[in-house]
Every structure is written in structure tokens, then in C-alpha cells.
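Text of the file my_file_5.cif, holding mmCIF, C-alpha atoms:
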data_my_file
#
loop_
_atom_site.label_atom_id
_atom_site.label_comp_id
_atom_site.auth_asym_id
_atom_site.auth_seq_id
_atom_site.Cartn_x
_atom_site.Cartn_y
_atom_site.Cartn_z
CA MET B 1 0.00 0.00 0.00
CA PRO B 2 2.00 3.04 -1.19
CA GLY B 3 1.79 6.04 1.10
CA PHE B 4 0.76 9.59 0.19
CA ASP B 5 1.54 11.51 3.38
CA GLY B 6 2.68 8.63 5.56
CA ARG B 7 -0.89 8.09 6.82
CA LEU B 8 -2.93 7.96 3.60
CA GLY B 9 -2.43 4.93 1.39
CA GLU B 10 -4.02 3.15 -1.53
CA ALA B 11 -4.65 -0.55 -2.08
CA THR B 12 -5.59 -2.16 -5.40
CA PHE B 13 -7.84 -5.22 -5.60
CA LEU B 14 -8.67 -7.66 -8.37
CA THR B 15 -11.99 -9.28 -7.57
CA ASP B 16 -14.72 -11.28 -9.28
CA ALA B 17 -17.16 -8.72 -7.90
CA VAL B 18 -15.87 -6.02 -10.29
CA PHE B 19 -16.95 -7.22 -12.72
CA ALA B 20 -18.95 -10.43 -13.08
CA PRO B 21 -20.31 -11.80 -16.38
CA ALA B 22 -24.06 -11.26 -16.60
CA GLY B 23 -26.68 -11.48 -19.32
CA ALA B 24 -27.17 -13.86 -22.20
CA GLY B 25 -24.19 -12.83 -24.31
CA LYS B 26 -20.45 -12.88 -23.93
CA PRO B 27 -19.05 -9.94 -21.93
CA SER B 28 -17.77 -7.16 -24.16
CA ILE B 29 -14.70 -6.61 -21.98
CA ASP B 30 -11.70 -8.89 -21.63
CA PRO B 31 -10.61 -9.44 -18.96
CA VAL B 32 -13.90 -9.00 -17.13
CA ARG B 33 -12.21 -8.31 -13.81
CA LYS B 34 -10.80 -4.79 -13.49
CA PRO B 35 -8.42 -3.41 -10.83
CA VAL B 36 -10.34 -1.41 -8.23
CA LYS B 37 -8.80 0.92 -5.63
CA VAL B 38 -9.46 1.71 -1.99
CA ARG B 39 -7.90 4.55 -0.02
CA ILE B 40 -7.13 4.13 3.68
CA HIS B 41 -6.27 6.86 6.16
CA LEU B 42 -4.52 5.85 9.38
CA PRO B 43 -4.63 7.78 12.65
CA ALA B 44 -1.67 9.74 13.92
CA HIS B 45 0.85 7.56 15.73
CA TYR B 46 -0.80 4.41 14.41
CA ASP B 47 0.25 1.51 16.64
CA PRO B 48 -0.39 -2.08 15.45
CA ALA B 49 -0.56 -3.14 19.09
CA ARG B 50 -3.68 -1.01 19.64
CA ARG B 51 -7.17 -1.54 18.26
CA TYR B 52 -8.85 1.30 16.36
CA PRO B 53 -12.43 2.07 15.27
CA VAL B 54 -13.05 2.10 11.53
CA LEU B 55 -15.17 4.49 9.47
CA TYR B 56 -16.25 3.28 6.03
CA LEU B 57 -16.73 6.52 4.11
CA LEU B 58 -18.59 6.29 0.79
CA HIS B 59 -18.28 8.72 -2.11
CA GLY B 60 -21.07 10.29 -4.11
CA GLY B 61 -22.38 9.83 -7.62
CA ALA B 62 -20.15 10.79 -10.57
CA ALA B 63 -17.22 10.73 -8.12
CA ASP B 64 -14.65 8.08 -7.29
CA VAL B 65 -12.24 6.68 -4.72
CA GLN B 66 -10.40 10.01 -4.49
CA GLN B 67 -13.34 12.21 -3.49
CA TRP B 68 -12.92 12.13 0.27
CA SER B 69 -9.13 12.25 0.37
CA GLU B 70 -7.88 14.74 -2.21
CA PRO B 71 -6.81 18.25 -1.13
CA GLY B 72 -9.34 20.68 -2.54
CA ASP B 73 -12.05 18.05 -2.22
CA GLY B 74 -12.79 15.99 0.90
CA ASP B 75 -9.20 16.39 2.17
CA ILE B 76 -9.75 13.77 4.86
CA ALA B 77 -6.43 14.41 6.63
CA HIS B 78 -7.38 18.00 7.42
CA THR B 79 -11.10 17.38 7.82
CA LEU B 80 -10.44 15.00 10.72
CA GLU B 81 -8.21 17.46 12.59
CA GLY B 82 -9.65 18.43 15.95
CA THR B 83 -12.40 15.80 15.95
CA ALA B 84 -12.93 13.14 18.61
CA PHE B 85 -12.19 10.39 16.09
CA ASP B 86 -8.93 8.51 16.53
CA GLY B 87 -9.35 5.72 14.03
CA ILE B 88 -9.00 4.35 10.51
CA VAL B 89 -10.96 5.72 7.55
CA VAL B 90 -11.62 3.37 4.62
CA MET B 91 -12.68 5.11 1.40
CA PRO B 92 -13.57 2.53 -1.26
CA GLU B 93 -14.35 2.90 -4.93
CA GLY B 94 -18.09 2.48 -5.47
CA GLY B 95 -18.63 3.30 -9.14
CA LYS B 96 -19.77 6.57 -10.63
CA ALA B 97 -23.29 5.14 -10.76
CA GLY B 98 -22.86 1.91 -8.81
CA TRP B 99 -25.47 2.85 -6.21
CA TYR B 100 -23.81 0.56 -3.65
CA SER B 101 -25.69 -2.39 -5.02
CA ASP B 102 -25.08 -5.90 -6.31
CA TRP B 103 -26.71 -5.28 -9.66
CA PRO B 104 -29.40 -7.86 -10.44
CA GLY B 105 -29.26 -6.76 -14.09
CA HIS B 106 -26.35 -5.99 -16.38
CA THR B 107 -24.77 -3.46 -18.69
CA ASP B 108 -25.23 -3.44 -22.44
CA GLY B 109 -21.91 -5.30 -22.51
CA ASN B 110 -23.18 -8.29 -20.48
CA PHE B 111 -21.35 -7.70 -17.23
CA ALA B 112 -22.30 -6.19 -13.88
CA PRO B 113 -20.70 -4.84 -10.70
CA GLN B 114 -21.33 -6.39 -7.31
CA TRP B 115 -20.36 -3.43 -5.14
CA GLU B 116 -22.04 -4.59 -1.94
CA THR B 117 -20.30 -7.95 -2.18
CA PHE B 118 -16.96 -6.26 -2.69
CA HIS B 119 -17.39 -3.83 0.21
CA ILE B 120 -19.04 -6.10 2.76
CA ARG B 121 -17.84 -9.63 2.05
CA GLN B 122 -14.37 -8.90 0.70
CA LEU B 123 -13.05 -5.48 1.72
CA LEU B 124 -14.32 -5.39 5.30
CA PRO B 125 -12.71 -8.74 6.29
CA TRP B 126 -9.50 -7.70 4.50
CA ILE B 127 -9.32 -4.47 6.51
CA ASP B 128 -9.81 -6.38 9.76
CA ALA B 129 -7.14 -8.91 8.76
CA ASN B 130 -4.53 -6.34 7.76
CA PHE B 131 -5.00 -3.43 10.17
CA ALA B 132 -5.30 -3.02 13.91
CA THR B 133 -9.09 -2.66 13.98
CA ARG B 134 -11.75 -3.18 16.58
CA ALA B 135 -13.17 -6.06 14.56
CA GLU B 136 -16.65 -5.92 16.00
CA ARG B 137 -19.89 -4.08 15.42
CA SER B 138 -19.16 -1.40 18.03
CA GLY B 139 -15.92 -0.58 16.23
CA ARG B 140 -17.44 0.17 12.81
CA ALA B 141 -19.35 3.11 11.38
CA VAL B 142 -20.56 3.75 7.84
CA ALA B 143 -21.21 7.18 6.33
CA GLY B 144 -21.41 8.85 2.95
CA ALA B 145 -22.46 11.84 0.88
CA SER B 146 -25.20 11.94 -1.75
CA MET B 147 -25.22 8.51 -3.46
CA GLY B 148 -22.87 7.43 -0.68
CA GLY B 149 -25.44 8.51 1.91
CA LEU B 150 -27.96 6.19 0.29
CA GLY B 151 -25.28 3.49 0.32
CA ALA B 152 -24.63 4.01 4.03
CA LEU B 153 -28.32 3.65 4.83
CA LYS B 154 -28.63 0.57 2.58
CA TYR B 155 -25.64 -1.14 4.17
CA ALA B 156 -26.85 -0.22 7.66
CA ALA B 157 -30.27 -1.75 7.00
CA ALA B 158 -28.86 -4.94 5.51
CA HIS B 159 -25.96 -5.46 7.92
CA ARG B 160 -27.09 -4.45 11.40
CA GLY B 161 -24.57 -6.88 12.88
CA LEU B 162 -21.61 -5.16 11.23
CA PHE B 163 -22.10 -1.43 11.87
CA SER B 164 -23.06 0.54 14.98
CA SER B 165 -23.29 4.09 13.58
CA VAL B 166 -24.56 5.76 10.40
CA GLY B 167 -23.89 9.22 8.97
CA VAL B 168 -25.76 10.62 5.96
CA PHE B 169 -24.70 13.86 4.27
CA SER B 170 -27.18 15.13 1.65
CA GLY B 171 -28.03 11.49 1.10
CA GLY B 172 -30.68 9.84 -1.01
CA THR B 173 -33.31 8.29 1.24
CA ASP B 174 -36.02 7.09 -1.14
CA ILE B 175 -35.65 5.63 -4.64
CA ARG B 176 -39.38 5.77 -5.43
CA PRO B 177 -39.93 9.49 -6.27
CA ALA B 178 -39.76 10.41 -9.95
CA ALA B 179 -36.91 12.86 -9.35
CA ALA B 180 -34.83 10.15 -7.66
CA GLN B 181 -35.49 7.76 -10.52
CA ARG B 182 -34.49 10.41 -13.05
CA THR B 183 -31.16 10.72 -11.26
CA VAL B 184 -30.57 6.98 -11.42
CA ASN B 185 -31.75 6.85 -15.03
CA ASP B 186 -29.42 9.65 -16.13
CA SER B 187 -26.46 8.20 -14.26
CA LEU B 188 -26.79 4.88 -16.05
CA TRP B 189 -26.80 6.67 -19.40
CA PHE B 190 -23.83 8.92 -18.63
CA TYR B 191 -21.71 6.44 -16.65
CA GLY B 192 -23.32 3.01 -16.39
CA ALA B 193 -20.89 0.70 -14.62
CA ALA B 194 -17.85 2.96 -15.12
CA PHE B 195 -15.62 3.72 -12.16
CA SER B 196 -12.74 6.16 -11.92
CA TRP B 197 -11.40 6.19 -15.51
CA THR B 198 -12.39 2.58 -16.20
CA GLY B 199 -15.10 2.36 -18.86
CA LEU B 200 -15.74 6.09 -19.19
CA LEU B 201 -15.30 6.02 -22.97
CA ASP B 202 -16.75 2.54 -23.55
CA GLY B 203 -20.43 2.56 -24.49
CA THR B 204 -20.91 -1.06 -23.45
CA TYR B 205 -20.63 0.04 -19.79
CA ARG B 206 -23.92 1.88 -20.22
CA VAL B 207 -27.42 0.58 -19.58
CA THR B 208 -29.89 1.52 -22.29
CA GLY B 209 -33.64 1.26 -22.01
CA SER B 210 -36.47 2.80 -20.03
CA THR B 211 -36.23 4.29 -16.58
CA ALA B 212 -38.02 1.25 -15.18
CA HIS B 213 -35.48 -1.06 -16.83
CA ARG B 214 -32.55 0.93 -15.46
CA MET B 215 -34.00 0.95 -11.96
CA GLU B 216 -34.46 -2.81 -12.06
CA THR B 217 -30.95 -3.26 -13.43
CA VAL B 218 -29.48 -1.66 -10.32
CA PHE B 219 -32.06 -2.39 -7.62
CA GLY B 220 -34.15 -5.29 -8.87
CA PRO B 221 -37.98 -5.33 -9.11
CA ALA B 222 -39.84 -2.62 -7.20
CA SER B 223 -41.58 -5.33 -5.20
CA GLY B 224 -38.30 -5.94 -3.34
CA TRP B 225 -37.25 -2.34 -2.63
CA ALA B 226 -38.91 -2.17 0.80
CA ALA B 227 -36.15 -4.39 2.19
CA PHE B 228 -33.48 -1.71 1.68
CA ASN B 229 -35.12 1.58 0.63
CA PRO B 230 -34.40 3.79 3.66
CA VAL B 231 -37.75 5.57 4.03
CA GLN B 232 -39.56 2.23 3.83
CA VAL B 233 -37.11 0.56 6.22
CA ALA B 234 -37.56 3.40 8.71
CA ALA B 235 -41.31 2.83 8.80
CA THR B 236 -41.01 -0.84 9.80
CA GLU B 237 -41.09 -2.11 13.36
CA ALA B 238 -37.33 -2.76 13.29
CA SER B 239 -36.71 0.60 11.61
CA TYR B 240 -33.15 1.77 12.31
CA LYS B 241 -33.46 1.00 16.03
CA ALA B 242 -30.13 -0.83 15.94
CA TYR B 243 -28.57 2.64 15.49
CA ASP B 244 -30.55 4.42 18.20
CA GLY B 245 -28.56 7.46 19.32
CA ARG B 246 -25.91 6.81 16.67
CA LEU B 247 -27.59 7.90 13.43
CA ALA B 248 -27.21 11.38 11.95
CA LEU B 249 -28.80 13.06 8.92
CA TYR B 250 -27.69 16.35 7.34
CA ALA B 251 -29.39 18.16 4.44
CA GLY B 252 -29.38 21.73 3.14
CA THR B 253 -32.62 23.51 2.34
CA GLY B 254 -31.05 24.63 -0.95
CA GLU B 255 -31.13 21.07 -2.31
CA SER B 256 -34.91 20.89 -2.51
CA ASP B 257 -35.47 17.25 -3.47
CA ILE B 258 -32.85 15.87 -1.10
CA HIS B 259 -34.04 18.07 1.73
CA GLU B 260 -37.59 16.82 1.16
CA TRP B 261 -36.41 13.20 1.12
CA ASN B 262 -34.48 13.65 4.37
CA GLU B 263 -37.57 15.17 5.97
CA ALA B 264 -39.41 12.05 4.78
CA LEU B 265 -36.86 9.86 6.57
CA HIS B 266 -36.74 11.98 9.73
CA ALA B 267 -40.51 11.58 10.22
CA PRO B 268 -40.74 7.75 10.49
CA LEU B 269 -37.53 7.62 12.53
CA THR B 270 -39.19 9.98 15.00
CA ASP B 271 -42.45 8.03 14.91
CA ARG B 272 -40.61 4.77 15.66
CA GLY B 273 -38.70 6.34 18.53
CA VAL B 274 -35.27 6.12 16.92
CA THR B 275 -33.07 8.73 18.59
CA HIS B 276 -31.09 10.46 15.88
CA ARG B 277 -29.51 13.78 14.98
CA TYR B 278 -31.08 15.69 12.08
CA CYS B 279 -29.48 18.98 11.06
CA THR B 280 -30.75 21.26 8.33
CA GLY B 281 -30.35 24.83 7.16
CA PRO B 282 -29.29 27.02 4.24
CA GLY B 283 -26.91 25.35 1.82
CA GLY B 284 -26.65 23.10 -1.19
CA HIS B 285 -25.04 19.93 -2.44
CA GLU B 286 -21.41 20.73 -1.76
CA MET B 287 -18.31 19.24 -0.20
CA ARG B 288 -17.51 22.19 2.07
CA LEU B 289 -20.73 21.44 3.96
CA TRP B 290 -20.19 17.67 3.93
CA GLN B 291 -16.78 18.12 5.54
CA GLN B 292 -18.40 19.90 8.46
CA ASP B 293 -21.19 17.30 8.54
CA LEU B 294 -18.56 14.57 8.83
CA ARG B 295 -16.76 16.35 11.65
CA ASN B 296 -20.03 16.83 13.50
CA PHE B 297 -21.06 13.19 12.97
CA LEU B 298 -17.75 11.88 14.33
CA ASP B 299 -18.00 14.07 17.41
CA TYR B 300 -21.61 12.97 17.87
CA ILE B 301 -20.86 9.24 17.85
CA HIS B 302 -17.57 9.44 19.72
CA GLY B 303 -19.01 11.34 22.63
CA SER B 304 -17.07 14.59 22.65
CA GLY B 305 -20.06 16.46 24.03
CA THR B 306 -20.83 18.31 20.78
CA ARG B 307 -24.54 19.12 20.79
CA SER B 308 -24.93 21.82 18.13
CA CYS B 309 -25.40 21.24 14.42
CA PRO B 310 -22.68 22.26 11.91
CA ASN B 311 -22.84 24.97 9.23
CA GLY B 312 -24.91 27.25 11.46
CA TRP B 313 -27.77 24.74 11.08
CA ALA B 314 -30.23 23.47 13.65
CA PRO B 315 -32.66 20.62 14.14
CA PRO B 316 -36.03 21.34 12.50
CA ALA B 317 -38.69 22.87 14.69
CA SER B 318 -40.89 20.15 16.14
#

If you convert what's in this file into C-alpha cells, what do you get?
Amino acid sequence: MPGFDGRLGEATFLTDAVFAPAGAGKPSIDPVRKPVKVRIHLPAHYDPARRYPVLYLLHGGAADVQQWSEPGDGDIAHTLEGTAFDGIVVMPEGGKAGWYSDWPGHTDGNFAPQWETFHIRQLLPWIDANFATRAERSGRAVAGASMGGLGALKYAAAHRGLFSSVGVFSGGTDIRPAAAQRTVNDSLWFYGAAFSWTGLLDGTYRVTGSTAHRMETVFGPASGWAAFNPVQVAATEASYKAYDGRLALYAGTGESDIHEWNEALHAPLTDRGVTHRYCTGPGGHEMRLWQQDLRNFLDYIHGSGTRSCPNGWAPPAS
């Protein structure tokens, strides 16, 4: 794992999850498997004899493995300064339009990514095997921005035994509204299964067809969405109770659809008695706000005593 600043490194994986042959025809790409990268940030004075908490930090749509770590973007090294978090941050590639899903369908080129399999079944055990982690539920958190926020909520709902905390920064919370489906539809036309620079200029990475077809390609039939779609999960008896007191949502009022969808998640969480932080106020869909959201989330779950929202925001009036 080559180092960037002595604490930030990059690992490259070759896995059957990215990509797998799918569809009736022969895959258009050879080899089907493509190298995929993960960035890892270690705490100051990292000591292999200690055990550290791990944050899995997911990037947004149209972005890549570099989003949270690059100076001028997420700049994780500086964003963490002064927070209560003394742990490891894992920032995996998730595809420009991967949607943190094991695709039930496939690209026009007869292959498909299995991002959840890569992150949960392959990457997570590898991190625990190779770094000094607290390899238990209480030692893991998952968070993300935009598409990555949806991914964090999806993974939290599906893997309650793996994660103890969830942070969502301008995240998608419901894939049913028409505006949400337009976003997914457009992403599969522009990017399809591309990640980083892989596949960006190859049309066979795309998914052509109707919006309904593209939604099913990534998420499967609508009849199965309730199992992972956050707003629907939140309304169930189990809801997100496994994350009571350790779940935080952040959304700016300037991002109208996303703000509305976060309001729609906040309501059933409140109804089901799930203690959570929800911060909202003026602002849009931008990294400078997400950096402050992340700092606030880490202080919230690591018990520094921080009670106020970031960005000059506040909880909504009850």
C-alpha cells in the first residue's frame, strides 16, 4: 500500500465482484475483472498493538475513490483534525453510478458490478485482517455523501450486525420518487458501470432502455425495494433502532429534493422512537458542507459532548 503523506495509502484489488459476467451474451470486456482501488487513512501515531475504530466513508455519484481524500475536495487528513475520532478511515471505490448495489441486471456489454459484495464480504474482512481494527460491530461506522449517503443507509439496514453508527450527508433516502429515478436513469446513461477512468469512454458500460429497466438493473424489481429503501425501512417495526442514538442526517434547504427526502426519513424515525440527529439549514449539495457534517457526525458518535449542528444549522422545529 504506497503512502501519500505517511498516513494515507491506496490498495488495489482484483476481484470477481468487479466485474462479473451477466446477461445472455459474452461480456464485451476482456478481462472482465478490473483493478479497483481503496484509499485508507490511518490515525496519527498508528500503533499495530492497539485496536482502532473504523469508518467506512462512501463517495457520491459521478465521483470516485479520491473524493474524500484529495486536497481541494474531501481532504480527509485536514477534515479529521480536531475531531474526537482517533481511528481508521476506509474510502472505497463504489462506481460513478454503482449505487452501492449488487446489480441484479447488467450493462449493455453483459457484465455487472457487485459493489455490496466487494465492500461487505471482501473489503471489510481484509481491513480487519490487515490493520489493527476493533473487529466488532461497536468498532465500525458507515457514512457517505449523496449517493454514498444512500449506500450508508442501505448497508446499515442490511448489515445491522456489522455497523453501529450511520452518517448521511445530503443522502438519497427514497428511490421511489420520480426525481430520484431520473437521477438513477441519467447516471446509467452517462456512466453506467464505469468507475474512476475505467469504462468512461466505452459505451458497453452503459445501460440503455427505459427508466423502469434501469431501476431494475441496479435495484431489482420494485416489489423488493422495501427491504433496503431507507424511508420504507424506517417505517417498519425494526426501523433503524439498531442505530438508536448513533444515526445522523444532514441536508441543506437549498437542495430541494434531497431536503424533502431527508424530511421524509426523519418523520418515520421519530415516529418509531429512533433517537437520531437531524441537522438542516441554508446550503446546497457541496463538499464544504459535507466536511463539516462529517466532523459533526464523528463528534456525535464518539461522545465529545458536541450538541450543536454544523454549518450554522439546527434541528427542524418540532

Quick one: everything within 10 Å of stretch 208-224 of chain B, counting all atoms listed in the file, minus sequence neighbours fewer than 6 positions away in the same chain. Send it as a short mmCIF file (atom, residue, chain, number, x, y, z; two decimals) with C-alpha atoms, in the frame of the given file.
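Once written, result-v6.cif looks like this:
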data_model
loop_
_atom_site.label_atom_id
_atom_site.label_comp_id
_atom_site.auth_asym_id
_atom_site.auth_seq_id
_atom_site.Cartn_x
_atom_site.Cartn_y
_atom_site.Cartn_z
CA ALA B 97 -23.29 5.14 -10.76
CA GLY B 98 -22.86 1.91 -8.81
CA TRP B 99 -25.47 2.85 -6.21
CA TYR B 100 -23.81 0.56 -3.65
CA SER B 101 -25.69 -2.39 -5.02
CA ASP B 102 -25.08 -5.90 -6.31
CA TRP B 103 -26.71 -5.28 -9.66
CA PRO B 104 -29.40 -7.86 -10.44
CA GLY B 105 -29.26 -6.76 -14.09
CA HIS B 106 -26.35 -5.99 -16.38
CA THR B 107 -24.77 -3.46 -18.69
CA ASP B 108 -25.23 -3.44 -22.44
CA ALA B 112 -22.30 -6.19 -13.88
CA PRO B 113 -20.70 -4.84 -10.70
CA GLN B 114 -21.33 -6.39 -7.31
CA ILE B 175 -35.65 5.63 -4.64
CA ARG B 176 -39.38 5.77 -5.43
CA ALA B 178 -39.76 10.41 -9.95
CA GLN B 181 -35.49 7.76 -10.52
CA ARG B 182 -34.49 10.41 -13.05
CA THR B 183 -31.16 10.72 -11.26
CA VAL B 184 -30.57 6.98 -11.42
CA ASN B 185 -31.75 6.85 -15.03
CA ASP B 186 -29.42 9.65 -16.13
CA SER B 187 -26.46 8.20 -14.26
CA LEU B 188 -26.79 4.88 -16.05
CA TRP B 189 -26.80 6.67 -19.40
CA GLY B 192 -23.32 3.01 -16.39
CA ALA B 193 -20.89 0.70 -14.62
#

With the PyMOL selection byres ((chain B and resi 134) around 10) as the selection, what would be picked from this file? Answer as an MDAnalysis selection string, please.
chainID B and resid 50:54 87 128 131:133 135:140

Since I can't run it myself right now, could you work out what the PyMOL selection byres ((chain B and resi 27) around 12) selects here and report it as a list in words?
Phe19, Ala20, Pro21, Ala22, Gly23, Ala24, Gly25, Lys26, Ser28, Ile29, Asp30, Pro31, Val32, Arg33, His106, Thr107, Asp108, Gly109, Asn110, Phe111, Ala112, Thr204 and Tyr205 of chain B

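Residue nearest B:Pro48 within the list B:Thr275, B:Gln122, B:Ile88, B:Leu294: B:Ile88 [criterion: smallest interatomic distance, all atoms listed in the file].
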
Write out as JSON lines a residue-level contact list of stretch 186-239 of chain B versus stretch 259-268 of chain B with cut-off 9 Å: for each qualifying residue the closest pair of atoms and the distance in Å to one decimal, counting only C-alpha atoms, rows sorted by chain and residue number upward.
{"residue": "B:Pro230", "atom": "CA", "partner": "B:Leu265", "partner_atom": "CA", "distance": 7.2}
{"residue": "B:Val231", "atom": "CA", "partner": "B:Leu265", "partner_atom": "CA", "distance": 5.1}
{"residue": "B:Gln232", "atom": "CA", "partner": "B:Leu265", "partner_atom": "CA", "distance": 8.5}
{"residue": "B:Ala234", "atom": "CA", "partner": "B:Pro268", "partner_atom": "CA", "distance": 5.7}
{"residue": "B:Ala235", "atom": "CA", "partner": "B:Pro268", "partner_atom": "CA", "distance": 5.2}
{"residue": "B:Thr236", "atom": "CA", "partner": "B:Pro268", "partner_atom": "CA", "distance": 8.6}
{"residue": "B:Ser239", "atom": "CA", "partner": "B:Pro268", "partner_atom": "CA", "distance": 8.3}

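Picked out by the PyMOL selection byres ((chain B and resi 301) around 10) when it runs on this file: B:Ala84, B:Phe85, B:Ala141, B:Ser164, B:Ser165, B:Val166, B:Gly167, B:Gly245, B:Arg246, B:Leu247, B:Ala248, B:Asn296, B:Phe297, B:Leu298, B:Asp299, B:Tyr300, B:His302, B:Gly303, B:Ser304, B:Gly305, B:Thr306.
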
Nearest candidate to B:Glu286 (options B:Phe190, B:Trp197, B:Phe118, B:Tyr250; using all atoms listed in the file)
B:Tyr250

Atom CA of B:Asp244 and atom CA of B:Asp174 are how many Å apart?
20.3 Å

Give me, as an MDAnalysis selection string, all polymer residues having an atom no more than 6 Å from B:Thr280, counting all atoms listed in the file and skipping those fewer than 5 positions away in the same chain.
chainID B and resid 250:252 313:314

Dump C-alpha atoms for the selected residues as a PDB file, in the frame of the given file?
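Full text of part.pdb as output:
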ATOM      1  CA  TYR B 250     -27.690  16.350   7.340  1.00  0.00           C
ATOM      2  CA  ALA B 251     -29.390  18.160   4.440  1.00  0.00           C
ATOM      3  CA  GLY B 252     -29.380  21.730   3.140  1.00  0.00           C
ATOM      4  CA  TRP B 313     -27.770  24.740  11.080  1.00  0.00           C
ATOM      5  CA  ALA B 314     -30.230  23.470  13.650  1.00  0.00           C
TER       6      ALA B 314
END

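You can rank B:Gly284, B:Gly95, B:Gly161, B:Gly149 by their closest distance to B:Thr253 using all atoms listed in the file, and at the top of that list sits B:Gly284.
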
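Picture a line from atom CA of B:Pro316 to atom CA of B:Gly281; it runs 8.5 Å.
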
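Taking atom CA of B:Gly254 as the reference point, atom CA of B:Ala180 is found at 16.4 Å.
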
Who sits within 9 Å of B:Leu289, all atoms listed in the file, same chain under 6 positions skipped, as JSON, numbers by chain
{"B": [169, 252, 283, 310, 311]}

Show me, as JSON, numbers by chain, the residues that have an atom within 9 Å of B:Tyr155 when counting all atoms listed in the file, minus same-chain residues fewer than 2 positions from it.
{"B": [100, 116, 120, 142, 150, 151, 152, 153, 157, 158, 159, 160, 163, 228]}

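In terms of minimum interatomic distance to B:Met147, B:His285 ranks closest within B:His285, B:Lys241, B:His41, B:Arg295, counting all atoms listed in the file.
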
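Considering the residues B:Thr83, B:Pro92, B:Trp68, B:Ile76 and counting only C-alpha atoms, B:Thr12 has its shortest atom-to-atom contact with B:Pro92.
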
May I have the centre and edge lengths, in Å to one decimal, of an axis-aligned box around the listed atoms of stretch 108-121 of chain B with 6 Å added to every side, as AutoDock Vina command-line options?
--center_x -21.1 --center_y -6.5 --center_z -9.9 --size_x 20.3 --size_y 18.2 --size_z 37.3

Long-range neighbours of B:Phe195 as a list in words, 8 Å cut-off, only C-alpha atoms, 4 positions minimum in chain:
Asp64, Glu93, Gly94, Gly95, Lys96, Ala97, Gly199 and Leu200 of chain B

Could stretch 60-72 of chain B be written out with N, CA, C and O atoms, as a compact mmCIF listing (two decimals), in the first residue's frame, please?
# COMPACT_ATOMS: atom_id res chain seq x y z
N GLY B 60 -19.82 10.00 -3.43
CA GLY B 60 -21.07 10.29 -4.11
C GLY B 60 -21.08 9.91 -5.57
O GLY B 60 -20.10 9.41 -6.12
N GLY B 61 -22.22 10.14 -6.21
CA GLY B 61 -22.38 9.83 -7.62
C GLY B 61 -21.50 10.69 -8.49
O GLY B 61 -21.21 11.86 -8.16
N ALA B 62 -21.04 10.14 -9.61
CA ALA B 62 -20.15 10.79 -10.57
C ALA B 62 -18.75 11.00 -10.00
O ALA B 62 -17.89 11.54 -10.68
N ALA B 63 -18.52 10.58 -8.75
CA ALA B 63 -17.22 10.73 -8.12
C ALA B 63 -16.50 9.38 -8.09
O ALA B 63 -16.92 8.42 -8.74
N ASP B 64 -15.41 9.33 -7.32
CA ASP B 64 -14.65 8.08 -7.29
C ASP B 64 -13.89 7.97 -5.97
O ASP B 64 -14.14 8.72 -5.02
N VAL B 65 -12.98 7.02 -5.93
CA VAL B 65 -12.24 6.68 -4.72
C VAL B 65 -11.48 7.87 -4.14
O VAL B 65 -11.18 7.91 -2.95
N GLN B 66 -11.20 8.87 -4.95
CA GLN B 66 -10.40 10.01 -4.49
C GLN B 66 -11.21 11.10 -3.79
O GLN B 66 -10.64 11.98 -3.15
N GLN B 67 -12.53 11.06 -3.90
CA GLN B 67 -13.34 12.21 -3.49
C GLN B 67 -13.09 12.67 -2.05
O GLN B 67 -12.95 13.86 -1.79
N TRP B 68 -13.03 11.75 -1.13
CA TRP B 68 -12.92 12.13 0.27
C TRP B 68 -11.49 12.43 0.71
O TRP B 68 -11.30 12.93 1.83
N SER B 69 -10.50 12.12 -0.11
CA SER B 69 -9.13 12.25 0.37
C SER B 69 -8.32 13.37 -0.29
O SER B 69 -7.35 13.85 0.30
N GLU B 70 -8.69 13.78 -1.48
CA GLU B 70 -7.88 14.74 -2.21
C GLU B 70 -7.94 16.15 -1.61
O GLU B 70 -9.02 16.63 -1.26
N PRO B 71 -6.79 16.84 -1.49
CA PRO B 71 -6.81 18.25 -1.13
C PRO B 71 -7.66 19.02 -2.14
O PRO B 71 -7.61 18.75 -3.34
N GLY B 72 -8.44 19.95 -1.66
CA GLY B 72 -9.34 20.68 -2.54
C GLY B 72 -10.67 19.99 -2.72
O GLY B 72 -11.59 20.54 -3.33
